[in-house]
>>> print(open('start-v9.cif').read())   # mmCIF, C-alpha atoms
data_structure
loop_
_atom_site.label_atom_id
_atom_site.label_comp_id
_atom_site.auth_asym_id
_atom_site.auth_seq_id
_atom_site.Cartn_x
_atom_site.Cartn_y
_atom_site.Cartn_z
CA MET G 29 -15.85 -8.99 16.73
CA ASN G 30 -17.97 -11.88 17.95
CA PRO G 31 -18.53 -14.90 15.65
CA ALA G 32 -22.26 -14.28 15.22
CA GLU G 33 -21.67 -10.71 14.09
CA GLU G 34 -18.90 -11.88 11.76
CA THR G 35 -21.18 -14.52 10.22
CA ARG G 36 -23.86 -11.88 9.70
CA LEU G 37 -21.37 -9.53 8.00
CA ILE G 38 -20.03 -12.33 5.81
CA GLY G 39 -23.58 -13.09 4.69
CA LEU G 40 -24.16 -9.44 3.82
CA ALA G 41 -20.80 -9.17 2.03
CA ARG G 42 -21.59 -12.26 -0.04
CA GLY G 43 -24.74 -10.48 -1.16
CA GLY G 44 -22.61 -7.57 -2.39
CA ASP G 45 -22.74 -5.30 0.67
CA ALA G 46 -19.41 -3.42 0.47
CA ARG G 47 -20.04 -1.63 3.77
CA ALA G 48 -20.25 -4.98 5.59
CA PHE G 49 -17.05 -6.09 3.89
CA GLY G 50 -15.42 -2.82 5.02
CA GLN G 51 -16.22 -3.77 8.62
CA LEU G 52 -14.62 -7.16 8.06
CA VAL G 53 -11.55 -5.43 6.62
CA ASP G 54 -11.33 -3.26 9.72
CA ALA G 55 -11.67 -6.27 12.00
CA HIS G 56 -8.95 -8.34 10.35
CA GLN G 57 -6.51 -5.89 8.83
CA ALA G 58 -4.24 -5.79 11.90
CA ALA G 59 -3.59 -9.56 11.88
CA VAL G 60 -3.19 -9.82 8.11
CA ARG G 61 -0.93 -6.79 7.83
CA ALA G 62 1.23 -7.88 10.77
CA PHE G 63 1.64 -11.32 9.21
CA LEU G 64 2.71 -9.87 5.86
CA ARG G 65 4.95 -7.22 7.40
CA ARG G 66 6.89 -9.91 9.23
CA LEU G 67 7.05 -12.00 6.10
CA VAL G 68 7.97 -9.32 3.57
CA GLY G 69 10.07 -6.93 5.62
CA THR G 70 9.04 -3.68 3.97
CA TYR G 71 5.78 -2.24 5.23
CA ALA G 72 4.72 -0.68 1.93
CA ASP G 73 5.09 -3.95 -0.02
CA ALA G 74 3.37 -5.86 2.76
CA ASP G 75 0.41 -3.48 2.81
CA ASP G 76 0.11 -3.68 -1.00
CA LEU G 77 -0.08 -7.46 -0.72
CA ALA G 78 -2.62 -7.18 2.11
CA GLN G 79 -4.83 -4.98 -0.08
CA GLU G 80 -4.59 -7.50 -2.91
CA ALA G 81 -5.48 -10.29 -0.51
CA PHE G 82 -8.56 -8.49 0.82
CA ALA G 83 -9.70 -7.56 -2.70
CA ARG G 84 -9.31 -11.18 -3.80
CA THR G 85 -11.18 -12.34 -0.69
CA TRP G 86 -14.12 -10.16 -1.76
CA GLU G 87 -14.16 -12.02 -5.09
CA VAL G 88 -13.92 -15.52 -3.61
CA LEU G 89 -15.96 -15.03 -0.45
CA HIS G 90 -18.51 -17.54 -1.74
CA ARG G 91 -15.82 -20.23 -1.39
CA PHE G 92 -15.45 -19.56 2.34
CA ASP G 93 -17.29 -22.43 4.02
CA GLY G 94 -16.97 -21.29 7.64
CA ALA G 95 -14.98 -24.38 8.66
CA SER G 96 -12.12 -22.09 9.72
CA SER G 97 -12.12 -18.45 10.76
CA LEU G 98 -12.31 -15.73 8.13
CA ARG G 99 -8.96 -14.39 9.36
CA THR G 100 -7.36 -17.75 8.55
CA PHE G 101 -8.99 -17.76 5.12
CA ILE G 102 -7.70 -14.25 4.30
CA CYS G 103 -4.19 -15.10 5.50
CA GLY G 104 -4.24 -18.17 3.25
CA VAL G 105 -5.05 -15.92 0.29
CA ALA G 106 -2.34 -13.47 1.41
CA PHE G 107 0.22 -16.27 1.64
CA GLN G 108 -0.52 -17.34 -1.95
CA TYR G 109 -0.07 -13.76 -3.12
CA TRP G 110 3.21 -13.47 -1.26
CA ARG G 111 4.51 -16.68 -2.84
CA ARG G 112 3.55 -15.44 -6.28
CA ALA G 113 5.16 -12.06 -5.70
CA ARG G 114 8.30 -13.69 -4.36
CA ARG G 115 8.72 -15.67 -7.55
CA SER G 116 8.79 -12.54 -9.59
CA THR G 117 12.39 -11.45 -10.03
CA SER G 118 11.62 -7.79 -10.47
CA ARG G 119 9.63 -7.66 -7.25
CA ARG G 120 12.47 -9.37 -5.42
CA GLN G 121 14.97 -6.85 -6.71
CA ALA G 122 12.75 -3.97 -5.67
CA ARG G 123 12.40 -5.47 -2.22
CA GLU G 124 16.13 -5.88 -1.86
CA GLU G 125 16.67 -2.28 -2.85
CA SER G 126 14.11 -1.14 -0.30
CA TYR G 127 15.82 -3.32 2.24
CA ALA G 128 19.18 -1.74 1.48
CA GLU G 129 17.65 1.67 2.04
CA LEU G 130 16.03 0.64 5.29
CA ALA G 131 18.88 1.93 7.43
CA ASP G 132 18.46 5.41 5.94
CA THR G 133 14.69 5.58 6.28
CA GLU G 134 14.34 4.29 9.83
CA THR G 135 13.88 6.91 12.47
CA GLU G 136 14.46 4.69 15.48
CA ALA G 137 17.66 4.26 17.46
CA PRO G 138 20.59 2.68 15.54
CA ALA G 139 20.73 -0.26 17.94
CA HIS G 140 17.20 -1.27 16.99
CA THR G 141 17.91 -0.79 13.32
CA ALA G 142 20.88 -3.12 13.49
CA ALA G 143 18.78 -5.75 15.27
CA ARG G 144 16.02 -5.36 12.71
CA LEU G 145 18.45 -5.78 9.82
CA ALA G 146 20.07 -8.83 11.40
CA LEU G 147 16.67 -10.40 11.91
CA ARG G 148 15.58 -9.57 8.39
CA ARG G 149 18.71 -11.19 6.97
CA ALA G 150 18.08 -14.27 9.05
CA MET G 151 14.44 -14.36 7.92
CA ASP G 152 15.43 -14.01 4.27
CA ASP G 153 17.73 -17.03 4.63
CA LEU G 154 14.93 -19.24 5.92
CA PRO G 155 12.88 -21.50 3.61
CA GLU G 156 9.53 -20.05 2.50
CA ASP G 157 7.33 -22.20 4.72
CA GLN G 158 9.45 -21.68 7.82
CA ARG G 159 9.42 -17.95 7.28
CA ALA G 160 5.66 -17.89 6.94
CA VAL G 161 5.20 -20.02 10.06
CA LEU G 162 7.34 -17.64 12.10
CA ALA G 163 5.51 -14.60 10.72
CA LEU G 164 2.22 -16.14 11.83
CA CYS G 165 3.15 -17.64 15.17
CA LEU G 166 5.84 -15.44 16.72
CA GLY G 167 3.52 -12.57 17.50
CA GLN G 168 1.04 -15.05 19.01
CA ASP G 169 -1.61 -13.79 16.59
CA PHE G 170 -2.21 -17.31 15.30
CA THR G 171 -2.14 -20.73 16.91
CA HIS G 172 -0.03 -23.52 15.46
CA ALA G 173 -3.21 -25.20 14.22
CA GLU G 174 -4.32 -22.04 12.42
CA ALA G 175 -0.87 -21.64 10.85
CA ALA G 176 -1.03 -25.26 9.67
CA GLU G 177 -4.38 -24.58 8.04
CA ILE G 178 -3.28 -21.34 6.38
CA LEU G 179 -0.10 -22.81 4.95
CA GLY G 180 -1.43 -26.29 4.24
CA LEU G 181 1.23 -27.96 6.38
CA PRO G 182 0.99 -30.76 8.97
CA LEU G 183 0.78 -29.53 12.57
CA GLY G 184 4.01 -31.30 13.52
CA THR G 185 5.88 -29.55 10.72
CA VAL G 186 4.58 -26.18 11.89
CA LYS G 187 5.76 -26.84 15.44
CA SER G 188 9.18 -27.90 14.26
CA HIS G 189 9.41 -24.85 11.96
CA VAL G 190 8.62 -22.57 14.90
CA SER G 191 11.20 -24.19 17.11
CA ARG G 192 13.99 -24.25 14.51
CA GLY G 193 13.16 -20.85 13.10
CA ARG G 194 13.13 -19.24 16.53
CA THR G 195 16.56 -20.71 17.21
CA ARG G 196 17.89 -19.31 13.92
CA LEU G 197 16.53 -15.86 14.68
CA GLN G 198 17.91 -15.90 18.22
CA GLU G 199 21.29 -16.90 16.85
CA ALA G 200 21.14 -14.01 14.42
CA MET G 201 20.44 -11.72 17.37
CA GLY G 202 23.39 -13.16 19.27
CA VAL G 203 21.18 -14.65 21.96
CA ALA G 204 22.11 -17.98 23.57
CA THR G 205 19.41 -20.45 22.54
CA GLU G 206 17.48 -22.49 25.09
CA LYS G 207 17.91 -26.24 25.03
CA ALA G 208 14.78 -28.22 24.32
CA PRO G 209 13.63 -30.25 27.37
CA MET Y 8 15.50 -10.12 23.48
CA SER Y 9 14.77 -13.83 23.17
CA ASP Y 10 11.09 -13.25 23.81
CA ASP Y 11 8.89 -14.21 20.84
CA LEU Y 12 6.85 -11.03 21.04
CA GLU Y 13 9.97 -8.87 20.91
CA LEU Y 14 11.22 -10.81 17.90
CA ALA Y 15 7.84 -10.38 16.22
CA ALA Y 16 7.82 -6.65 16.97
CA LEU Y 17 11.28 -6.28 15.45
CA LEU Y 18 10.23 -8.17 12.33
CA GLY Y 19 7.12 -6.05 11.85
CA GLU Y 20 4.36 -4.55 13.93
CA ALA Y 21 0.61 -4.65 13.48
CA PRO Y 22 -1.11 -1.30 13.02
CA ALA Y 23 -2.36 -0.02 16.37
CA ALA Y 24 -5.91 0.69 15.16
CA PRO Y 25 -7.98 -0.08 12.04
CA ASP Y 26 -6.74 2.28 9.36
CA PRO Y 27 -9.52 3.87 7.27
CA VAL Y 28 -6.99 4.72 4.54
CA PHE Y 29 -6.16 1.04 4.22
CA ARG Y 30 -9.86 0.19 3.91
CA TYR Y 31 -10.22 2.88 1.23
CA ASP Y 32 -7.23 1.40 -0.64
CA VAL Y 33 -8.82 -2.05 -0.47
CA PHE Y 34 -12.02 -0.66 -2.02
CA THR Y 35 -9.99 1.08 -4.73
CA ASN Y 36 -8.25 -2.21 -5.43
CA MET Y 37 -11.60 -4.05 -5.58
CA ALA Y 38 -13.01 -1.48 -8.01
CA GLU Y 39 -9.93 -1.70 -10.22
CA ARG Y 40 -10.10 -5.49 -10.31
CA ALA Y 41 -13.81 -5.37 -11.19
CA ARG Y 42 -13.10 -2.86 -13.96
CA ARG Y 43 -10.35 -5.06 -15.40
CA ARG Y 44 -12.60 -8.13 -15.19
CA HIS Y 45 -15.41 -6.35 -17.05
CA ALA Y 46 -12.95 -5.11 -19.68
CA ARG Y 47 -11.68 -8.65 -20.22
CA MET Y 48 -15.22 -9.98 -20.56
CA ARG Y 49 -16.12 -7.22 -22.97
CA ALA Y 50 -13.02 -7.82 -25.08
CA TRP Y 51 -13.78 -11.54 -25.08
CA ARG Y 52 -17.36 -10.93 -26.25
CA ILE Y 53 -16.19 -8.61 -29.04
CA VAL Y 54 -13.55 -11.08 -30.22
CA MET Y 55 -16.05 -13.95 -30.16
CA GLY Y 56 -18.70 -11.89 -31.97
CA PHE Y 57 -16.43 -10.86 -34.81
CA THR Y 58 -14.95 -14.37 -35.01
CA LEU Y 59 -18.43 -15.83 -35.44
CA ILE Y 60 -19.26 -13.28 -38.13
CA GLY Y 61 -15.98 -14.06 -39.88
CA ALA Y 62 -16.58 -17.79 -39.57
CA CYS Y 63 -19.89 -17.48 -41.41
CA PHE Y 64 -18.11 -16.88 -44.73
CA PRO Y 65 -15.86 -19.98 -44.85
CA ALA Y 66 -18.78 -22.01 -43.48
CA GLY Y 67 -20.98 -20.75 -46.30
CA GLN Y 68 -18.32 -21.54 -48.87
CA TRP Y 69 -17.91 -24.99 -47.39
CA ALA Y 70 -21.69 -25.49 -47.75
CA GLY Y 71 -21.40 -24.59 -51.43
CA LEU Y 72 -22.68 -21.01 -51.21
CA THR Y 73 -20.82 -18.41 -53.25
CA LEU Y 74 -20.70 -14.64 -52.82
CA SER Y 75 -23.43 -14.25 -55.45
CA ASN Y 76 -25.74 -16.39 -53.28
CA PHE Y 77 -25.05 -14.10 -50.34
CA GLN Y 78 -25.50 -10.89 -52.29
CA PRO Y 79 -29.26 -10.40 -51.70
CA MET Y 80 -28.85 -11.05 -47.95
CA LEU Y 81 -25.85 -8.71 -47.74
CA ALA Y 82 -27.74 -6.01 -49.59
CA VAL Y 83 -30.72 -6.29 -47.24
CA THR Y 84 -28.40 -6.21 -44.19
CA ALA Y 85 -26.59 -3.13 -45.51
CA VAL Y 86 -29.88 -1.33 -46.22
CA LEU Y 87 -31.28 -2.19 -42.78
CA THR Y 88 -28.07 -1.06 -41.03
CA ALA Y 89 -28.03 2.22 -42.96
CA ALA Y 90 -31.71 2.76 -42.13
CA GLY Y 91 -31.00 2.11 -38.45
CA VAL Y 92 -28.12 4.59 -38.39
CA VAL Y 93 -30.21 7.24 -40.17
CA ALA Y 94 -33.09 6.65 -37.75
CA LEU Y 95 -30.79 7.04 -34.74
CA LEU Y 96 -29.25 10.19 -36.25
CA THR Y 97 -32.69 11.67 -36.85
CA ILE Y 98 -34.26 10.75 -33.54
CA ARG Y 99 -31.42 11.14 -31.03
CA GLY Y 100 -28.68 13.08 -32.81
CA PRO Y 101 -25.15 12.27 -34.04
CA GLY Y 102 -23.62 12.09 -30.54
CA VAL Y 103 -25.66 9.02 -29.66
CA VAL Y 104 -24.60 7.15 -32.80
CA LEU Y 105 -20.95 7.87 -32.10
CA ALA Y 106 -21.31 6.90 -28.44
CA TYR Y 107 -23.11 3.70 -29.41
CA SER Y 108 -20.41 2.75 -31.94
CA ARG Y 109 -17.72 3.52 -29.42
CA ALA Y 110 -19.44 1.41 -26.77
CA ILE Y 111 -19.58 -1.55 -29.14
CA LEU Y 112 -15.98 -1.31 -30.25
CA SER Y 113 -14.13 -0.09 -27.19
CA ALA Y 114 -12.73 -2.66 -24.80
CA ARG Y 115 -11.75 -0.38 -21.97
#
>>> encode(input="start-v9.cif", output="structure tokens")
Amino acid sequence: MNPAEETRLIGLARGGDARAFGQLVDAHQAAVRAFLRRLVGTYADADDLAQEAFARTWEVLHRFDGASSLRTFICGVAFQYWRRARRSTSRRQAREESYAELADTETEAPAHTAARLALRRAMDDLPEDQRAVLALCLGQDFTHAEAAEILGLPLGTVKSHVSRGRTRLQEAMGVATEKAP
Amino acid sequence: MSDDLELAALLGEAPAAPDPVFRYDVFTNMAERARRRHARMRAWRIVMGFTLIGACFPAGQWAGLTLSNFQPMLAVTAVLTAAGVVALLTIRGPGVVLAYSRAILSAR
């Protein structure tokens, strides 16, 4: 979607046009859902959070000033929701149970499942911010600058989180890590 | 396996195409949030309304007015309310009165 079209749709959505907002949801759902899926681990929980984030965005769209992209704005909302959900003990327990059942529900080859579980364990061990940075930047959906804006972190911190986090994940996968130049 | 994209794909993949079911779920979520917000506002208005009515009595007492001073006003209010209810019953039927009362009191 080109920026002019997006600006037009945002204007319509601010005026209460749900159809225009639906088009914005379609345009940005892939990036937001991918971010949350990498962050949360279970697709169902991630998609629930993504829905909450989009619904909240509809309510606070008047606060969007256009200084950043709408995608960045929505991911910022999604990140806040994830942090809130993570603090809830019951949600965490449910997630861990879903995680334990992951091996039974996956239909892919066992080798991939093992890799997925190892990565998920490594992700779960990372600090919140580092985890979120990796979820945003690893898939190359977001630049470091965008991640810094979404998470409210300095750019240097984001870069260092990516570098260290990648190393931790590679170690979890049993891959020899590359030395920094 | 060290490639960032492969790591990202293992952690979680983006949906291949915009999912209309997801959009529908977002709209459902929006509607539910709006319904809850309206219910909260309605409950708040009811609580404030009845609190103000209740506050009139201690305020009156504080101003030196006793129940006997209020009696004529209360009698007029009761008569007017009864007349209103009877008028509604006569003009639009009992269902409307019940629905109206329910709309005032319910905080769905």
>>> closest_residue(input="start-v9.cif", among="G:Val60, G:Ala163, G:Leu183, G:Leu98", to="Leu147 in chain G", atoms="only C-alpha atoms")
G:Ala163
>>> residues_around(input="start-v9.cif", residues="Arg99 in chain G", least_positions_apart="3", cutoff="7 Å", atoms="only C-alpha atoms", output="ChimeraX atom specification")
/G:56,102-103
>>> closest_atom_pairs(input="start-v9.cif", of="chain G", to="chain Y", cutoff="9 Å", atoms="only C-alpha atoms", output="CSV")
residue,atom,partner,partner_atom,distance
G:Ala46,CA,Y:Phe34,CA,8.3
G:Gly50,CA,Y:Arg30,CA,6.4
G:Gln51,CA,Y:Arg30,CA,8.8
G:Val53,CA,Y:Arg30,CA,6.5
G:Asp54,CA,Y:Pro25,CA,5.2
G:Ala55,CA,Y:Pro25,CA,7.2
G:His56,CA,Y:Pro25,CA,8.5
G:Gln57,CA,Y:Pro25,CA,6.8
G:Ala58,CA,Y:Ala21,CA,5.2
G:Ala59,CA,Y:Ala21,CA,6.7
G:Val60,CA,Y:Ala21,CA,8.4
G:Arg61,CA,Y:Ala21,CA,6.2
G:Ala62,CA,Y:Ala21,CA,4.3
G:Phe63,CA,Y:Ala21,CA,8.0
G:Leu64,CA,Y:Gly19,CA,8.4
G:Arg65,CA,Y:Gly19,CA,5.1
G:Arg66,CA,Y:Gly19,CA,4.7
G:Leu67,CA,Y:Leu18,CA,8.0
G:Val68,CA,Y:Gly19,CA,8.9
G:Gly69,CA,Y:Leu18,CA,6.8
G:Thr70,CA,Y:Gly19,CA,8.4
G:Tyr71,CA,Y:Gly19,CA,7.8
G:Asp75,CA,Y:Phe29,CA,8.1
G:Asp76,CA,Y:Asp32,CA,8.9
G:Ala78,CA,Y:Val33,CA,8.5
G:Gln79,CA,Y:Val33,CA,5.0
G:Glu80,CA,Y:Asn36,CA,6.9
G:Ala81,CA,Y:Val33,CA,8.9
G:Phe82,CA,Y:Val33,CA,6.6
G:Ala83,CA,Y:Met37,CA,4.9
G:Arg84,CA,Y:Met37,CA,7.7
G:Trp86,CA,Y:Met37,CA,7.6
G:Glu87,CA,Y:Met37,CA,8.4
G:His140,CA,Y:Leu17,CA,7.9
G:Thr141,CA,Y:Leu17,CA,8.9
G:Ala143,CA,Y:Leu17,CA,7.5
G:Arg144,CA,Y:Leu17,CA,5.6
G:Leu145,CA,Y:Leu18,CA,8.9
G:Leu147,CA,Y:Leu18,CA,6.8
G:Arg148,CA,Y:Leu18,CA,6.8
G:Met151,CA,Y:Leu18,CA,8.7
G:Leu162,CA,Y:Ala15,CA,8.4
G:Ala163,CA,Y:Ala15,CA,7.3
G:Cys165,CA,Y:Ala15,CA,8.7
G:Leu166,CA,Y:Asp11,CA,5.3
G:Gly167,CA,Y:Ala15,CA,5.0
G:Gln168,CA,Y:Leu12,CA,7.4
G:Arg194,CA,Y:Asp11,CA,7.9
G:Leu197,CA,Y:Leu14,CA,8.0
G:Gln198,CA,Y:Ser9,CA,6.2
G:Met201,CA,Y:Met8,CA,8.0
G:Val203,CA,Y:Ser9,CA,6.6
G:Ala204,CA,Y:Ser9,CA,8.4
G:Thr205,CA,Y:Ser9,CA,8.1
>>> atom_distance(input="start-v9.cif", atom1="CA of Val161 in chain G", atom2="CA of Val186 in chain G")
6.5 Å
>>> residues_around(input="start-v9.cif", residues="Ala48 in chain G", least_positions_apart="3", cutoff="10 Å", atoms="all atoms listed in the file", output="list in words")
Glu34, Arg36, Leu37, Ile38, Gly39, Leu40, Ala41, Arg42, Gly43, Gly44, Asp45, Gln51, Leu52, Val53 and Asp54 of chain G
>>> atom_distance(input="start-v9.cif", atom1="CA of Arg149 in chain G", atom2="CA of Ala200 in chain G")
8.3 Å
>>> axis_aligned_box(input="start-v9.cif", around="range 57-69 of chain Y", padding_each_side="5 Å", output="lines of an AutoDock Vina configuration file")
center_x = -18.0
center_y = -17.9
center_z = -41.8
size_x = 16.0
size_y = 24.1
size_z = 24.1
>>> atom_distance(input="start-v9.cif", atom1="CA of Val54 in chain Y", atom2="CA of Thr84 in chain Y")
21.0 Å
>>> residues_near_point(input="start-v9.cif", point="(-5.4, -18.9, 8.7)", cutoff="10 Å", atoms="only C-alpha atoms", output="ChimeraX atom specification")
/G:60,96-107,164,170-180
>>> decode(input="start-v9.cif", residues="range 20-54 of chain Y", atoms="N, CA and C atoms", output="PDB file, in the first residue's frame")
ATOM      1  N   GLU Y  20       5.982 -17.708  11.650  1.00  0.00           N
ATOM      2  CA  GLU Y  20       5.875 -17.207  10.280  1.00  0.00           C
ATOM      3  C   GLU Y  20       4.702 -16.250  10.134  1.00  0.00           C
ATOM      4  N   ALA Y  21       4.872 -15.314   9.209  1.00  0.00           N
ATOM      5  CA  ALA Y  21       3.767 -14.396   8.894  1.00  0.00           C
ATOM      6  C   ALA Y  21       2.745 -15.129   8.039  1.00  0.00           C
ATOM      7  N   PRO Y  22       1.468 -14.794   8.173  1.00  0.00           N
ATOM      8  CA  PRO Y  22       0.483 -15.404   7.274  1.00  0.00           C
ATOM      9  C   PRO Y  22       0.786 -15.037   5.824  1.00  0.00           C
ATOM     10  N   ALA Y  23       0.559 -15.990   4.924  1.00  0.00           N
ATOM     11  CA  ALA Y  23       0.961 -15.787   3.529  1.00  0.00           C
ATOM     12  C   ALA Y  23       0.150 -14.666   2.860  1.00  0.00           C
ATOM     13  N   ALA Y  24      -1.123 -14.581   3.205  1.00  0.00           N
ATOM     14  CA  ALA Y  24      -1.993 -13.579   2.572  1.00  0.00           C
ATOM     15  C   ALA Y  24      -2.893 -12.973   3.645  1.00  0.00           C
ATOM     16  N   PRO Y  25      -3.422 -11.762   3.402  1.00  0.00           N
ATOM     17  CA  PRO Y  25      -4.365 -11.186   4.378  1.00  0.00           C
ATOM     18  C   PRO Y  25      -5.529 -12.137   4.637  1.00  0.00           C
ATOM     19  N   ASP Y  26      -5.783 -12.371   5.912  1.00  0.00           N
ATOM     20  CA  ASP Y  26      -6.783 -13.365   6.301  1.00  0.00           C
ATOM     21  C   ASP Y  26      -8.108 -12.648   6.622  1.00  0.00           C
ATOM     22  N   PRO Y  27      -9.153 -12.883   5.834  1.00  0.00           N
ATOM     23  CA  PRO Y  27     -10.428 -12.198   6.111  1.00  0.00           C
ATOM     24  C   PRO Y  27     -11.026 -12.594   7.461  1.00  0.00           C
ATOM     25  N   VAL Y  28     -10.724 -13.817   7.907  1.00  0.00           N
ATOM     26  CA  VAL Y  28     -11.248 -14.263   9.215  1.00  0.00           C
ATOM     27  C   VAL Y  28     -10.617 -13.427  10.332  1.00  0.00           C
ATOM     28  N   PHE Y  29      -9.340 -13.131  10.163  1.00  0.00           N
ATOM     29  CA  PHE Y  29      -8.664 -12.299  11.165  1.00  0.00           C
ATOM     30  C   PHE Y  29      -9.307 -10.912  11.210  1.00  0.00           C
ATOM     31  N   ARG Y  30      -9.566 -10.354  10.015  1.00  0.00           N
ATOM     32  CA  ARG Y  30     -10.197  -9.025   9.954  1.00  0.00           C
ATOM     33  C   ARG Y  30     -11.560  -9.056  10.646  1.00  0.00           C
ATOM     34  N   TYR Y  31     -12.310 -10.125  10.379  1.00  0.00           N
ATOM     35  CA  TYR Y  31     -13.632 -10.281  11.005  1.00  0.00           C
ATOM     36  C   TYR Y  31     -13.482 -10.336  12.534  1.00  0.00           C
ATOM     37  N   ASP Y  32     -12.474 -11.078  13.007  1.00  0.00           N
ATOM     38  CA  ASP Y  32     -12.248 -11.185  14.454  1.00  0.00           C
ATOM     39  C   ASP Y  32     -11.878  -9.825  15.056  1.00  0.00           C
ATOM     40  N   VAL Y  33     -11.119  -9.042  14.289  1.00  0.00           N
ATOM     41  CA  VAL Y  33     -10.764  -7.698  14.773  1.00  0.00           C
ATOM     42  C   VAL Y  33     -12.028  -6.856  14.936  1.00  0.00           C
ATOM     43  N   PHE Y  34     -12.921  -6.934  13.936  1.00  0.00           N
ATOM     44  CA  PHE Y  34     -14.173  -6.160  14.014  1.00  0.00           C
ATOM     45  C   PHE Y  34     -15.035  -6.635  15.189  1.00  0.00           C
ATOM     46  N   THR Y  35     -15.062  -7.934  15.416  1.00  0.00           N
ATOM     47  CA  THR Y  35     -15.813  -8.478  16.555  1.00  0.00           C
ATOM     48  C   THR Y  35     -15.246  -7.915  17.860  1.00  0.00           C
ATOM     49  N   ASN Y  36     -13.928  -7.918  17.928  1.00  0.00           N
ATOM     50  CA  ASN Y  36     -13.235  -7.390  19.107  1.00  0.00           C
ATOM     51  C   ASN Y  36     -13.551  -5.903  19.307  1.00  0.00           C
ATOM     52  N   MET Y  37     -13.547  -5.149  18.194  1.00  0.00           N
ATOM     53  CA  MET Y  37     -13.856  -3.711  18.279  1.00  0.00           C
ATOM     54  C   MET Y  37     -15.279  -3.501  18.795  1.00  0.00           C
ATOM     55  N   ALA Y  38     -16.214  -4.299  18.261  1.00  0.00           N
ATOM     56  CA  ALA Y  38     -17.614  -4.158  18.673  1.00  0.00           C
ATOM     57  C   ALA Y  38     -17.782  -4.496  20.158  1.00  0.00           C
ATOM     58  N   GLU Y  39     -17.091  -5.533  20.589  1.00  0.00           N
ATOM     59  CA  GLU Y  39     -17.180  -5.948  21.992  1.00  0.00           C
ATOM     60  C   GLU Y  39     -16.618  -4.871  22.925  1.00  0.00           C
ATOM     61  N   ARG Y  40     -15.501  -4.283  22.513  1.00  0.00           N
ATOM     62  CA  ARG Y  40     -14.903  -3.216  23.321  1.00  0.00           C
ATOM     63  C   ARG Y  40     -15.830  -2.002  23.387  1.00  0.00           C
ATOM     64  N   ALA Y  41     -16.461  -1.675  22.243  1.00  0.00           N
ATOM     65  CA  ALA Y  41     -17.384  -0.529  22.225  1.00  0.00           C
ATOM     66  C   ALA Y  41     -18.581  -0.815  23.129  1.00  0.00           C
ATOM     67  N   ARG Y  42     -19.079  -2.057  23.081  1.00  0.00           N
ATOM     68  CA  ARG Y  42     -20.221  -2.426  23.920  1.00  0.00           C
ATOM     69  C   ARG Y  42     -19.860  -2.303  25.401  1.00  0.00           C
ATOM     70  N   ARG Y  43     -18.676  -2.791  25.760  1.00  0.00           N
ATOM     71  CA  ARG Y  43     -18.246  -2.707  27.164  1.00  0.00           C
ATOM     72  C   ARG Y  43     -18.067  -1.255  27.600  1.00  0.00           C
ATOM     73  N   ARG Y  44     -17.534  -0.424  26.675  1.00  0.00           N
ATOM     74  CA  ARG Y  44     -17.318   0.984  27.003  1.00  0.00           C
ATOM     75  C   ARG Y  44     -18.657   1.682  27.254  1.00  0.00           C
ATOM     76  N   HIS Y  45     -19.630   1.405  26.374  1.00  0.00           N
ATOM     77  CA  HIS Y  45     -20.957   2.009  26.550  1.00  0.00           C
ATOM     78  C   HIS Y  45     -21.607   1.542  27.846  1.00  0.00           C
ATOM     79  N   ALA Y  46     -21.434   0.249  28.162  1.00  0.00           N
ATOM     80  CA  ALA Y  46     -22.015  -0.288  29.397  1.00  0.00           C
ATOM     81  C   ALA Y  46     -21.407   0.393  30.619  1.00  0.00           C
ATOM     82  N   ARG Y  47     -20.085   0.615  30.556  1.00  0.00           N
ATOM     83  CA  ARG Y  47     -19.414   1.294  31.682  1.00  0.00           C
ATOM     84  C   ARG Y  47     -19.938   2.716  31.841  1.00  0.00           C
ATOM     85  N   MET Y  48     -20.073   3.406  30.704  1.00  0.00           N
ATOM     86  CA  MET Y  48     -20.573   4.793  30.746  1.00  0.00           C
ATOM     87  C   MET Y  48     -21.984   4.843  31.304  1.00  0.00           C
ATOM     88  N   ARG Y  49     -22.788   3.898  30.860  1.00  0.00           N
ATOM     89  CA  ARG Y  49     -24.183   3.842  31.296  1.00  0.00           C
ATOM     90  C   ARG Y  49     -24.263   3.576  32.807  1.00  0.00           C
ATOM     91  N   ALA Y  50     -23.460   2.603  33.256  1.00  0.00           N
ATOM     92  CA  ALA Y  50     -23.439   2.281  34.683  1.00  0.00           C
ATOM     93  C   ALA Y  50     -22.983   3.498  35.493  1.00  0.00           C
ATOM     94  N   TRP Y  51     -21.989   4.185  34.965  1.00  0.00           N
ATOM     95  CA  TRP Y  51     -21.460   5.376  35.631  1.00  0.00           C
ATOM     96  C   TRP Y  51     -22.533   6.449  35.734  1.00  0.00           C
ATOM     97  N   ARG Y  52     -23.285   6.660  34.654  1.00  0.00           N
ATOM     98  CA  ARG Y  52     -24.346   7.676  34.660  1.00  0.00           C
ATOM     99  C   ARG Y  52     -25.430   7.320  35.675  1.00  0.00           C
ATOM    100  N   ILE Y  53     -25.796   6.022  35.712  1.00  0.00           N
ATOM    101  CA  ILE Y  53     -26.843   5.589  36.651  1.00  0.00           C
ATOM    102  C   ILE Y  53     -26.385   5.806  38.098  1.00  0.00           C
ATOM    103  N   VAL Y  54     -25.136   5.384  38.368  1.00  0.00           N
ATOM    104  CA  VAL Y  54     -24.601   5.532  39.728  1.00  0.00           C
ATOM    105  C   VAL Y  54     -24.569   7.006  40.117  1.00  0.00           C
TER     106      VAL Y  54
END
